[in-house]
Every structure is written in structure tokens, then in C-alpha cells.
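Reproduced below: work_16.cif, with mmCIF, C-alpha atoms and all ligand atoms.
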```
data_upload
loop_
_atom_site.label_atom_id
_atom_site.label_comp_id
_atom_site.auth_asym_id
_atom_site.auth_seq_id
_atom_site.Cartn_x
_atom_site.Cartn_y
_atom_site.Cartn_z
CA MET A 1 0.00 0.00 0.00
CA THR A 2 1.24 3.49 -0.77
CA ASN A 3 1.77 5.81 2.14
CA ALA A 4 -1.17 8.02 1.17
CA ARG A 5 -3.46 5.02 0.79
CA ALA A 6 -2.36 3.56 4.14
CA GLN A 7 -3.13 6.90 5.78
CA LYS A 8 -6.57 6.98 4.20
CA VAL A 9 -7.35 3.41 5.38
CA THR A 10 -6.34 4.35 8.95
CA TRP A 11 -8.47 7.49 8.77
CA LEU A 12 -11.48 5.54 7.48
CA LYS A 13 -11.07 2.97 10.28
CA GLY A 14 -11.26 5.83 12.79
CA VAL A 15 -14.39 7.17 11.10
CA ARG A 16 -16.01 3.71 11.14
CA GLU A 17 -15.18 3.13 14.80
CA ALA A 18 -16.51 6.57 15.79
CA GLY A 19 -19.68 5.83 13.79
CA VAL A 20 -20.19 2.49 15.53
CA TYR A 21 -19.63 4.14 18.91
CA LYS A 22 -22.16 6.84 18.05
CA SER A 23 -24.86 4.40 16.94
CA VAL A 24 -24.41 2.21 20.03
CA THR A 25 -24.63 5.36 22.18
CA SER A 26 -27.93 6.41 20.63
CA TYR A 27 -29.27 2.84 20.90
CA ARG A 28 -28.35 2.76 24.59
CA LYS A 29 -29.94 6.18 25.21
CA ARG A 30 -33.19 5.04 23.61
CA LEU A 31 -33.20 1.94 25.81
CA ALA A 32 -32.51 4.08 28.89
CA GLY A 33 -35.53 6.22 27.93
CA LEU A 34 -37.72 3.11 27.72
CA ILE A 35 -36.46 1.86 31.09
CA ALA A 36 -37.16 5.25 32.70
CA ASP A 37 -40.71 5.11 31.29
CA SER A 38 -41.14 1.53 32.56
CA ARG A 39 -40.04 2.66 36.00
CA LYS A 40 -42.76 5.32 36.03
CA LEU A 41 -45.28 2.64 35.06
CA LEU A 42 -44.36 0.68 38.19
CA GLY A 43 -45.55 3.61 40.33
CA ALA A 44 -44.38 3.67 43.95
CA LEU A 45 -42.62 0.31 43.50
CA GLY A 46 -40.28 1.90 40.94
CA GLU A 47 -38.96 4.26 43.62
CA ARG A 48 -37.31 1.45 45.60
CA LEU A 49 -36.03 -0.32 42.51
CA TYR A 50 -32.36 0.09 41.63
CA LEU A 51 -30.73 -1.21 38.48
CA ALA A 52 -27.22 -2.47 39.05
CA ASP A 53 -24.53 -3.99 36.85
CA LEU A 54 -22.85 -6.50 39.16
CA HIS A 55 -20.05 -7.54 36.82
CA THR A 56 -17.82 -5.07 34.91
CA HIS A 57 -14.14 -5.10 33.88
CA SER A 58 -11.69 -2.26 33.58
CA ALA A 59 -8.02 -1.75 32.75
CA TYR A 60 -7.25 -3.15 36.24
CA SER A 61 -7.60 -6.53 34.47
CA ASP A 62 -8.60 -7.24 30.86
CA GLY A 63 -11.18 -4.47 30.39
CA ALA A 64 -10.39 -1.78 27.83
CA GLY A 65 -11.64 1.24 29.81
CA LEU A 66 -11.36 2.94 33.15
CA VAL A 67 -13.74 2.33 36.05
CA GLU A 68 -14.69 6.02 35.73
CA GLU A 69 -15.64 5.53 32.06
CA ASN A 70 -17.73 2.44 32.93
CA ALA A 71 -19.56 4.47 35.59
CA GLU A 72 -20.28 7.28 33.17
CA TRP A 73 -21.57 4.93 30.49
CA ALA A 74 -23.72 3.07 33.05
CA ALA A 75 -25.41 6.33 34.11
CA MET A 76 -26.11 7.12 30.45
CA ALA A 77 -27.56 3.60 30.00
CA GLY A 78 -30.06 4.27 32.81
CA LEU A 79 -28.37 2.19 35.53
CA ASP A 80 -28.20 3.30 39.16
CA PHE A 81 -25.11 1.45 40.35
CA ILE A 82 -22.17 -0.65 39.16
CA PHE A 83 -19.66 -2.97 40.79
CA ALA A 84 -16.12 -3.06 39.36
CA THR A 85 -15.24 -6.75 39.37
CA ASP A 86 -11.88 -7.27 37.74
CA HIS A 87 -10.22 -10.67 37.42
CA GLY A 88 -8.32 -11.70 40.53
CA THR A 89 -7.95 -8.22 41.99
CA THR A 90 -9.76 -5.72 44.15
CA LYS A 91 -7.56 -2.83 42.91
CA PRO A 92 -10.60 -0.88 41.58
CA LYS A 93 -11.26 -0.15 45.27
CA ARG A 94 -8.58 2.56 44.87
CA VAL A 95 -10.93 4.62 42.75
CA THR A 96 -14.46 3.46 43.61
CA GLY A 97 -14.36 5.21 46.99
CA LYS A 98 -14.20 8.52 45.15
CA LEU A 99 -17.03 7.70 42.75
CA ARG A 100 -20.76 7.97 43.29
CA SER A 101 -22.83 4.82 42.76
CA VAL A 102 -19.84 2.57 42.17
CA SER A 103 -18.38 -0.09 44.39
CA TRP A 104 -15.88 -2.89 43.95
CA GLY A 105 -15.89 -6.63 43.80
CA GLU A 106 -13.90 -9.31 42.07
CA GLU A 107 -14.26 -12.06 39.50
CA THR A 108 -12.50 -15.18 40.71
CA GLY A 109 -13.30 -18.86 40.50
CA GLY A 110 -11.87 -22.30 40.24
CA GLY A 111 -11.26 -24.61 37.28
CA TRP A 112 -13.64 -23.89 34.42
CA TYR A 113 -15.91 -21.68 36.51
CA HIS A 114 -15.90 -18.00 37.29
CA ILE A 115 -17.45 -16.64 40.46
CA GLY A 116 -18.49 -13.03 40.94
CA ILE A 117 -18.09 -11.64 44.46
CA LEU A 118 -18.99 -8.25 45.91
CA GLU A 119 -16.69 -6.36 48.28
CA PRO A 120 -14.60 -9.39 49.29
CA THR A 121 -12.13 -8.99 52.13
CA PRO A 122 -9.45 -9.93 51.29
CA ALA A 123 -9.44 -10.68 47.54
CA HIS A 124 -9.80 -14.34 46.58
CA LYS A 125 -7.09 -16.09 44.61
CA TYR A 126 -8.37 -18.00 41.57
CA ARG A 127 -7.06 -21.55 41.59
CA ASN A 128 -7.08 -23.55 38.40
CA GLU A 129 -6.98 -26.82 40.32
CA ALA A 130 -10.00 -25.99 42.54
CA THR A 131 -13.41 -27.49 41.75
CA LEU A 132 -16.45 -25.22 41.69
CA PRO A 133 -17.71 -26.37 45.14
CA GLU A 134 -14.22 -25.84 46.62
CA ALA A 135 -13.82 -22.34 45.21
CA TRP A 136 -17.46 -21.53 46.18
CA GLU A 137 -16.75 -22.46 49.83
CA GLU A 138 -13.50 -20.44 49.93
CA VAL A 139 -15.30 -17.38 48.58
CA LYS A 140 -18.16 -17.68 51.11
CA ALA A 141 -15.84 -16.66 53.93
CA LEU A 142 -14.89 -13.42 52.11
CA THR A 143 -18.13 -11.88 50.89
CA ARG A 144 -21.83 -11.24 51.63
CA PHE A 145 -22.84 -12.01 48.02
CA GLN A 146 -21.45 -14.33 45.38
CA TRP A 147 -22.74 -15.90 42.18
CA VAL A 148 -21.67 -18.16 39.34
CA ALA A 149 -20.85 -15.99 36.31
CA HIS A 150 -21.78 -17.16 32.77
CA PRO A 151 -22.44 -20.83 33.74
CA PHE A 152 -22.18 -21.95 30.10
CA TRP A 153 -19.69 -19.32 28.90
CA ALA A 154 -20.94 -18.47 25.42
CA TYR A 155 -22.95 -21.60 24.68
CA GLU A 156 -26.51 -20.74 23.86
CA GLN A 157 -27.36 -24.41 23.70
CA PRO A 158 -24.58 -26.25 25.48
CA PRO A 159 -24.03 -29.84 24.31
CA GLU A 160 -26.05 -32.15 26.57
CA GLU A 161 -22.93 -33.59 28.19
CA GLN A 162 -21.71 -30.08 29.04
CA TYR A 163 -25.11 -29.16 30.44
CA GLN A 164 -25.14 -32.21 32.73
CA HIS A 165 -21.63 -31.36 33.99
CA VAL A 166 -22.66 -27.83 34.89
CA LEU A 167 -25.88 -29.04 36.53
CA SER A 168 -24.03 -31.63 38.58
CA ASP A 169 -21.37 -29.11 39.74
CA MET A 170 -23.91 -26.42 40.55
CA SER A 171 -26.20 -28.83 42.41
CA GLU A 172 -23.39 -29.23 44.98
CA LEU A 173 -23.48 -25.54 45.94
CA GLY A 174 -26.67 -25.50 48.02
CA ASP A 175 -28.33 -22.10 48.01
CA MET A 176 -26.74 -20.09 45.24
CA ALA A 177 -27.04 -17.45 42.52
CA PHE A 178 -26.08 -17.37 38.86
CA GLU A 179 -26.12 -15.06 35.86
CA MET A 180 -29.26 -15.64 33.83
CA ALA A 181 -28.16 -12.91 31.43
CA ASN A 182 -24.56 -11.99 30.61
CA GLY A 183 -23.77 -9.39 27.94
CA CYS A 184 -20.06 -10.10 27.44
CA GLY A 185 -18.99 -9.28 23.88
CA GLU A 186 -22.45 -7.98 22.97
CA VAL A 187 -23.86 -4.53 22.39
CA ALA A 188 -27.52 -5.52 22.14
CA ASP A 189 -28.91 -8.81 23.43
CA ALA A 190 -27.59 -10.68 26.44
CA TYR A 191 -30.30 -13.33 26.64
CA PHE A 192 -29.01 -15.63 23.95
CA LEU A 193 -25.71 -16.21 25.75
CA THR A 194 -27.51 -18.10 28.52
CA GLY A 195 -30.97 -18.33 27.05
CA ALA A 196 -33.05 -21.43 27.26
CA ALA A 197 -30.23 -23.36 28.94
CA GLY A 198 -30.30 -20.86 31.82
CA SER A 199 -34.03 -21.36 32.37
CA ARG A 200 -33.59 -25.10 32.30
CA LEU A 201 -30.68 -24.89 34.75
CA ALA A 202 -32.67 -22.70 37.14
CA ASP A 203 -35.61 -25.13 37.15
CA ASP A 204 -33.42 -28.22 37.51
CA LEU A 205 -31.65 -26.72 40.54
CA LEU A 206 -34.89 -25.37 42.04
CA CYS A 207 -36.58 -28.75 41.65
CA ARG A 208 -33.72 -30.20 43.73
CA GLY A 209 -34.72 -27.85 46.54
CA GLN A 210 -31.94 -25.26 46.12
CA ARG A 211 -32.60 -21.54 46.45
CA VAL A 212 -31.47 -19.92 43.21
CA THR A 213 -31.14 -16.14 42.95
CA LEU A 214 -31.09 -14.91 39.35
CA VAL A 215 -28.93 -11.96 38.39
CA GLY A 216 -27.91 -10.19 35.18
CA ALA A 217 -24.71 -8.37 34.28
CA SER A 218 -22.92 -6.93 31.27
CA ASP A 219 -19.55 -8.56 32.07
CA CYS A 220 -18.25 -5.67 29.96
CA HIS A 221 -14.71 -5.48 28.67
CA LEU A 222 -15.65 -2.47 26.51
CA VAL A 223 -17.95 0.27 27.82
CA VAL A 224 -20.43 -0.24 24.98
CA GLU A 225 -21.46 -3.60 26.52
CA ILE A 226 -22.82 -1.89 29.65
CA GLY A 227 -26.61 -1.86 29.51
CA THR A 228 -26.98 -5.23 27.77
CA ALA A 229 -28.06 -6.90 31.02
CA TRP A 230 -28.31 -5.90 34.66
CA THR A 231 -29.98 -6.81 37.95
CA GLY A 232 -33.11 -5.05 39.20
CA ILE A 233 -32.89 -4.86 43.00
CA TYR A 234 -35.58 -3.73 45.47
CA ALA A 235 -33.62 -2.09 48.28
CA GLU A 236 -34.02 0.44 51.08
CA ARG A 237 -31.54 2.80 49.42
CA CYS A 238 -28.99 2.88 46.65
CA THR A 239 -25.85 2.05 48.63
CA SER A 240 -23.64 -0.98 48.09
CA LYS A 241 -24.52 -2.19 51.59
CA ALA A 242 -28.29 -2.01 51.02
CA LEU A 243 -28.00 -3.52 47.52
CA ILE A 244 -25.87 -6.41 48.74
CA GLU A 245 -28.32 -7.19 51.56
CA ALA A 246 -31.25 -7.17 49.10
CA LEU A 247 -29.33 -9.46 46.73
CA ARG A 248 -28.62 -11.77 49.65
CA ALA A 249 -32.36 -11.88 50.40
CA GLY A 250 -33.05 -12.56 46.70
CA ASN A 251 -35.31 -9.53 46.17
CA CYS A 252 -34.06 -9.07 42.61
CA PHE A 253 -34.42 -10.06 38.96
CA ALA A 254 -32.20 -10.42 35.92
CA SER A 255 -33.15 -8.18 33.01
CA GLU A 256 -32.32 -6.77 29.61
CA ALA A 257 -35.10 -4.10 29.88
CA PRO A 258 -38.49 -5.22 31.36
CA LEU A 259 -39.11 -4.43 35.02
CA LEU A 260 -40.96 -6.87 37.20
CA ASP A 261 -42.11 -7.57 40.69
CA VAL A 262 -43.52 -10.76 42.16
CA THR A 263 -45.15 -11.37 45.52
CA CYS A 264 -46.85 -14.32 47.14
CA ASN A 265 -49.22 -13.50 49.99
CA GLY A 266 -47.54 -10.08 49.97
CA LYS A 267 -44.02 -11.47 50.42
CA PRO A 268 -41.33 -10.42 47.89
CA MET A 269 -39.04 -12.41 45.57
CA GLY A 270 -36.55 -14.57 47.44
CA SER A 271 -38.98 -15.14 50.36
CA THR A 272 -39.71 -18.55 51.81
CA LEU A 273 -43.34 -19.11 52.76
CA LYS A 274 -44.28 -21.87 55.18
CA PRO A 275 -48.04 -22.23 54.70
CA LYS A 276 -50.19 -25.03 56.12
CA VAL A 277 -51.10 -27.67 53.53
CA GLY A 278 -54.25 -26.47 51.74
CA ALA A 279 -53.73 -22.82 52.72
CA LYS A 280 -54.38 -20.17 50.07
CA LEU A 281 -51.46 -18.80 48.11
CA LYS A 282 -52.03 -15.53 46.27
CA LEU A 283 -49.40 -14.91 43.68
CA ARG A 284 -49.11 -11.50 42.09
CA ALA A 285 -46.77 -10.63 39.21
CA ARG A 286 -46.39 -7.13 37.84
CA VAL A 287 -44.45 -6.46 34.65
CA ALA A 288 -43.73 -3.01 33.23
CA ALA A 289 -42.17 -2.56 29.80
CA ALA A 290 -42.69 0.72 27.96
CA ALA A 291 -41.89 -1.10 24.70
CA GLY A 292 -44.94 -3.31 25.36
CA VAL A 293 -45.08 -6.70 27.07
CA ALA A 294 -44.95 -9.58 24.57
CA TRP A 295 -45.51 -12.44 27.01
CA VAL A 296 -45.36 -13.39 30.70
CA ARG A 297 -44.89 -16.91 32.02
CA VAL A 298 -45.43 -18.16 35.55
CA ILE A 299 -43.27 -21.21 36.22
CA SER A 300 -43.67 -23.60 39.12
CA ASN A 301 -41.74 -26.84 39.67
CA GLY A 302 -40.31 -26.76 36.15
CA LYS A 303 -43.67 -26.26 34.44
CA VAL A 304 -45.30 -23.21 32.89
CA ILE A 305 -48.52 -22.91 34.92
CA LYS A 306 -49.74 -19.74 33.25
CA GLU A 307 -48.78 -17.85 30.12
CA VAL A 308 -50.28 -14.60 28.86
CA TRP A 309 -49.74 -12.66 25.62
CA PRO A 310 -50.99 -9.16 26.49
CA LYS A 311 -50.82 -7.69 22.95
CA HIS A 312 -47.98 -5.30 23.84
CA GLU A 313 -49.76 -3.59 26.73
CA PRO A 314 -47.07 -1.73 28.71
CA VAL A 315 -48.22 -3.06 32.11
CA VAL A 316 -49.36 -6.52 33.09
CA ASP A 317 -50.73 -7.24 36.55
CA LEU A 318 -51.31 -10.95 36.98
CA ALA A 319 -53.01 -12.58 39.96
CA LEU A 320 -53.03 -16.30 40.48
CA GLY A 321 -54.56 -18.35 43.28
CA ARG A 322 -53.19 -21.73 44.36
CA LYS A 323 -53.53 -24.03 47.36
CA ALA A 324 -50.37 -25.02 49.19
CA ALA A 325 -49.55 -28.65 48.43
CA ARG A 326 -47.63 -31.00 50.70
CA LYS A 327 -44.61 -30.89 48.43
CA ALA A 328 -42.10 -28.01 48.41
CA SER A 329 -42.47 -25.77 45.38
CA TYR A 330 -41.57 -22.38 43.96
CA PHE A 331 -42.96 -19.73 41.66
CA ARG A 332 -40.89 -17.67 39.26
CA ILE A 333 -41.66 -15.34 36.33
CA GLU A 334 -40.14 -14.97 32.90
CA THR A 335 -41.13 -12.21 30.52
CA ALA A 336 -40.12 -10.55 27.25
CA ASP A 337 -41.00 -7.17 25.78
CA ALA A 338 -41.92 -6.33 22.21
CA ASN A 339 -38.21 -5.77 21.40
CA GLY A 340 -37.44 -9.34 22.47
CA ARG A 341 -35.65 -8.25 25.65
CA HIS A 342 -36.11 -10.62 28.59
CA ALA A 343 -36.41 -10.53 32.37
CA PHE A 344 -36.31 -13.35 34.94
CA SER A 345 -37.50 -13.09 38.52
CA THR A 346 -35.83 -14.73 41.46
CA PRO A 347 -38.32 -17.33 42.76
CA ILE A 348 -40.53 -17.31 45.81
CA TYR A 349 -40.18 -20.58 47.70
CA ILE A 350 -43.06 -22.51 49.24
CA ARG A 351 -42.01 -24.93 51.97
CA PRO A 352 -45.12 -26.23 53.74
ZN ZN B 401 -15.74 -14.64 33.50
ZN ZN B 402 -16.10 -11.18 33.63
#
```
This entry written out as C-alpha cells:
Amino acid sequence: MTNARAQKVTWLKGVREAGVYKSVTSYRKRLAGLIADSRKLLGALGERLYLADLHTHSAYSDGAGLVEENAEWAAMAGLDFIFATDHGTTKPKRVTGKLRSVSWGEETGGGWYHIGILEPTPAHKYRNEATLPEAWEEVKALTRFQWVAHPFWAYEQPPEEQYQHVLSDMSELGDMAFEMANGCGEVADAYFLTGAAGSRLADDLLCRGQRVTLVGASDCHLVVEIGTAWTGIYAERCTSKALIEALRAGNCFASEAPLLDVTCNGKPMGSTLKPKVGAKLKLRARVAAAAGVAWVRVISNGKVIKEVWPKHEPVVDLALGRKAARKASYFRIETADANGRHAFSTPIYIRP
């Protein structure tokens, strides 16, 4: 290539990259507008709801940006809070103290698995030779909230053998949390990275009697990924302490855009109800999506017990009556909006 031509190619590359950045920015702003409208549709509930990205990377590990840039982008994307969770380090703590609505965490793990942890003291050391249950136990002593990141990495439909491996490892963790939506490497959808396999995994673990909190995160390595997926958390206030306690209680959902709330006999997501056999259970699910709700599913013991297609109404308020059976069960909600963006509630557990 001649010198002049090489210069032109470099210049055009810059123009293309700036153009891509600009279009992702306007896409993210539009989504943030929809989320803000959805929040208004939730009424008073929306005032205690905080949207948090639990899993972000920066130049402290293999992320391409600064924690400060991630925080700025997150605010533009309509999020209320982010945690800076770099690989094997809690160095972001050096800057998060000076930033509003940002705290630190770490991404660690063992073997094939990655584990997200919030505000660990001290940092955990990833060990290649550790099994998931071993690493999970080590981490428990360091943090108030931990979860399995991207359980299938980037498999939308993991091969059956792979699925069974993950199920068997995760069934050894007892009460746990995992990422139902992970936006790593994406600028739009996060759902398809976990997708149907994530729903199946949640139900298989829940049917074994485990408590399973569902979270979402961008797992960004570039700022543009922030906003693909996040966790909606009902908390007293928007501080890392209050958010972590609400996550611990399971009062949260994984989402790409729709907002939701679920109660059973007035108790929130993550609650355990201990009704007498035959007692009335009143389930209520509220979904708000300014883009319009495409469908809502109520799932109990691995089965869809109710499904509605509300013709893109922006708000769905579902009530469902059931009698408590002898057997332990759970209720959880899945929904999608008219743009094909999903949300997944953490279950409510019934243990008569
Ligand atoms: Zn990871
Ligand atoms: Zn990550």
C-alpha cells in the first residue's frame, strides 16, 4: 500500500469506529428512555427499585476502559449502580471510593468456573486446580454475596454432556445465585448467551430444593457492553450495603429491559413461605415494559402454569390463586417485551 493510501485506510477505520460508537450510544440512550418510562409505570414500586450492573471489567484486568468511564456509560444507559469486578484483583477499590454509585468486587473462580463476588475482604485467589464447590466455599468466607458468572460461557445451547456437567457441579453448591443474562462481547442482546439453557438450569436446581437467585450483568470489557443486562434490585436505598443485603435476600431479577415484581401472599421475591397444607397462596406478578409486554410466564416446579400474551400492553398485573400442596415448590416469572428483551425473577419458595 502506498503511504497516502495507508493513511486513508487508517483514517477511514477511525471514522467507522466513531460511527459504531455513536450508533451504540444512541441505541443505549433510547433503551434508557424506555427503562425510565417503565419505572414510572411501576408507580411507587419503581422508587425502591435500583438497576445495578454486578459484573464489569476495567483496565485493572482485561477491560479496555477505566472504572470512571464504565460508571459514566452506566449512568447514560439508565443504571443506578455498578460494581467493578476485575479478574483476581480488588484494585478498583482505589478509585471506587471517590465515585458515586460505584463499588468494587472481584471475578474469581476455580477450574472452568468463574465466580463473581462483591466487596470481598481480602481478595480471593483463583485456583485452576479448585473445583467449583471448593472455590465456592472459599469465597463464602470473604463476601456477603457471590454468584456463578456465565455458567455456560458463550454456549446458547450447550451440548447435553456439558449441560449435565454444569448441573451436577452447581447442584453441589446448596443455596446459590447465577447469571441468567450476561452481555459479554455484545452490544444488544444478552439473553441468547444463557438463554433457554439458563431457564432449564434454574428449574433443575430449584426442583432439587436449592434456592437460586437470578442476576444479570454486562460482564463488559468495553464500555459499549454496559446496559446489555443488569440486575433489578428492590432495596431500602442505593448504597452498596443495602443492595448487597437485598441481593442476599433474593429480592431481585435479571433483566435486559423489562421491570418486574412478584409477591406471594404479599411477600417479595426470594422469600420462603411456610403455609399449612391447603392454605391459600395468592401470587401476584407485575411487569412493566414501555416497549410493550410480549408475554409473561409463571413457572412452578419446572412447568409453565400460566402464560399470557398481552398484545404489547405496557403493564401486566397478573393474579393467580393456588392451594399449598404437601410438596415443596416455587414460583418464578419470565417475561419478554416487544423488542425481544427478557427478564427473569428470582423465585418465591413454598415450603409447607
Ligand atoms: Zn468470567
Ligand atoms: Zn467477567
Hey, could you make a per-residue contact list for chain A against ligand ZN 402 (chain B) with 10 Å as the cut-off, showing the nearest pair of atoms and its distance in Å to one decimal, counting only C-alpha atoms and all ligand atoms, sorted by chain and number, as a Markdown table?
```
| residue | atom | partner | partner_atom | distance |
| --- | --- | --- | --- | --- |
| A:Leu54 | CA | B:ZN402 | ZN | 9.9 |
| A:His55 | CA | B:ZN402 | ZN | 6.2 |
| A:Thr56 | CA | B:ZN402 | ZN | 6.5 |
| A:His57 | CA | B:ZN402 | ZN | 6.4 |
| A:Ser58 | CA | B:ZN402 | ZN | 10.0 |
| A:Ser61 | CA | B:ZN402 | ZN | 9.7 |
| A:Asp62 | CA | B:ZN402 | ZN | 8.9 |
| A:Gly63 | CA | B:ZN402 | ZN | 8.9 |
| A:Ala84 | CA | B:ZN402 | ZN | 9.9 |
| A:Thr85 | CA | B:ZN402 | ZN | 7.3 |
| A:Asp86 | CA | B:ZN402 | ZN | 7.1 |
| A:His87 | CA | B:ZN402 | ZN | 7.0 |
| A:Glu106 | CA | B:ZN402 | ZN | 8.9 |
| A:Glu107 | CA | B:ZN402 | ZN | 6.2 |
| A:Thr108 | CA | B:ZN402 | ZN | 8.9 |
| A:His114 | CA | B:ZN402 | ZN | 7.7 |
| A:Ile115 | CA | B:ZN402 | ZN | 8.8 |
| A:Gly116 | CA | B:ZN402 | ZN | 7.9 |
| A:Ala149 | CA | B:ZN402 | ZN | 7.3 |
| A:His150 | CA | B:ZN402 | ZN | 8.3 |
| A:Asn182 | CA | B:ZN402 | ZN | 9.0 |
| A:Gly183 | CA | B:ZN402 | ZN | 9.7 |
| A:Cys184 | CA | B:ZN402 | ZN | 7.4 |
| A:Ala217 | CA | B:ZN402 | ZN | 9.1 |
| A:Ser218 | CA | B:ZN402 | ZN | 8.4 |
| A:Asp219 | CA | B:ZN402 | ZN | 4.6 |
| A:Cys220 | CA | B:ZN402 | ZN | 7.0 |
| A:His221 | CA | B:ZN402 | ZN | 7.7 |
```
Could you write out that same residue set with C-alpha atoms as a PDB file, in the frame of the given file?
```pdb
ATOM      1  CA  LEU A  54     -22.850  -6.500  39.160  1.00  0.00           C
ATOM      2  CA  HIS A  55     -20.050  -7.540  36.820  1.00  0.00           C
ATOM      3  CA  THR A  56     -17.820  -5.070  34.910  1.00  0.00           C
ATOM      4  CA  HIS A  57     -14.140  -5.100  33.880  1.00  0.00           C
ATOM      5  CA  SER A  58     -11.690  -2.260  33.580  1.00  0.00           C
ATOM      6  CA  SER A  61      -7.600  -6.530  34.470  1.00  0.00           C
ATOM      7  CA  ASP A  62      -8.600  -7.240  30.860  1.00  0.00           C
ATOM      8  CA  GLY A  63     -11.180  -4.470  30.390  1.00  0.00           C
ATOM      9  CA  ALA A  84     -16.120  -3.060  39.360  1.00  0.00           C
ATOM     10  CA  THR A  85     -15.240  -6.750  39.370  1.00  0.00           C
ATOM     11  CA  ASP A  86     -11.880  -7.270  37.740  1.00  0.00           C
ATOM     12  CA  HIS A  87     -10.220 -10.670  37.420  1.00  0.00           C
ATOM     13  CA  GLU A 106     -13.900  -9.310  42.070  1.00  0.00           C
ATOM     14  CA  GLU A 107     -14.260 -12.060  39.500  1.00  0.00           C
ATOM     15  CA  THR A 108     -12.500 -15.180  40.710  1.00  0.00           C
ATOM     16  CA  HIS A 114     -15.900 -18.000  37.290  1.00  0.00           C
ATOM     17  CA  ILE A 115     -17.450 -16.640  40.460  1.00  0.00           C
ATOM     18  CA  GLY A 116     -18.490 -13.030  40.940  1.00  0.00           C
ATOM     19  CA  ALA A 149     -20.850 -15.990  36.310  1.00  0.00           C
ATOM     20  CA  HIS A 150     -21.780 -17.160  32.770  1.00  0.00           C
ATOM     21  CA  ASN A 182     -24.560 -11.990  30.610  1.00  0.00           C
ATOM     22  CA  GLY A 183     -23.770  -9.390  27.940  1.00  0.00           C
ATOM     23  CA  CYS A 184     -20.060 -10.100  27.440  1.00  0.00           C
ATOM     24  CA  ALA A 217     -24.710  -8.370  34.280  1.00  0.00           C
ATOM     25  CA  SER A 218     -22.920  -6.930  31.270  1.00  0.00           C
ATOM     26  CA  ASP A 219     -19.550  -8.560  32.070  1.00  0.00           C
ATOM     27  CA  CYS A 220     -18.250  -5.670  29.960  1.00  0.00           C
ATOM     28  CA  HIS A 221     -14.710  -5.480  28.670  1.00  0.00           C
TER      29      HIS A 221
END
```
Box for region 49-55 of chain A: with edges along x, y and z, all listed atoms inside and 4 Å added on each side, what are the centre and edge lengths in Å to one decimal, as JSON?
```
{"center_x": -28.0, "center_y": -3.7, "center_z": 39.7, "size_x": 24.0, "size_y": 15.6, "size_z": 13.7}
```
Residue neighbourhood region 46-50 of chain A, 9 Å, all atoms listed in the file, exclusion window fewer than 6 positions, as an MDAnalysis selection string: chainID A and resid 38:40 79:81 231:238 243 252 259
Counting all atoms listed in the file, the option among A:Ala36, A:Ala18, A:Val148, A:Leu66 closest to ligand ZN 401 (chain B): A:Val148
Among listed residues A:Arg351, A:Lys311, A:Arg248, A:Lys276, nearest Gln146 (chain A) (using all atoms listed in the file): A:Arg248
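Using all atoms listed in the file, the shortest contact distance between ligand ZN 401 (chain B) and any of A:Trp104, A:Ser171, A:Gly185, A:Glu72 is found at A:Gly185.
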Polymer residues at most 12 Å from (-37.5, -13.4, 24.7) by only C-alpha atoms, as a list of chain:residue names: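 The residues near that point, listed by chain and number, are A:Ala181, A:Asp189, A:Ala190, A:Tyr191, A:Phe192, A:Thr194, A:Gly195, A:Ala196, A:Ser199, A:Ser255, A:Glu256, A:Ala257, A:Pro258, A:Val293, A:Ala294, A:Trp295, A:Val296, A:Arg297, A:Glu334, A:Thr335, A:Ala336, A:Asp337, A:Ala338, A:Asn339, A:Gly340, A:Arg341, A:His342, A:Ala343, A:Phe344.
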d(CA of Val212 (chain A), CA of Val187 (chain A)) in Å: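 Spanning CA of Val212 (chain A) to CA of Val187 (chain A) is a straight-line distance of 27.0 Å.
Considering the residues A:Pro310, A:Gly227, A:Pro122, A:Gly216 and counting only C-alpha atoms, Leu247 (chain A) has its shortest atom-to-atom contact with A:Gly216.
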Coordinates-based distance that separates CA of Leu51 (chain A) from CA of Val223 (chain A) (Å, one decimal):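 Rounded to one decimal, the two atoms are 16.7 Å apart.
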Nearby residues (all atoms listed in the file) at most 10 Å from Glu68 (chain A), same-chain spacing under 5 positions excluded, as a ChimeraX atom specification: /A:58,73-74,84,92,95-96,98-100,102
Top pick for closest residue to Arg30 (chain A), considering A:Ala285, A:Met76, A:Leu132, A:Ile244 and counting only C-alpha atoms: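 Residue with the minimum atom-to-atom distance to Arg30 (chain A): A:Met76.
Nearest-residue note for Met269 (chain A): choosing from A:Arg286, A:Arg5, A:Arg200, A:Lys22, the minimum distance belongs to A:Arg286, counting only C-alpha atoms.
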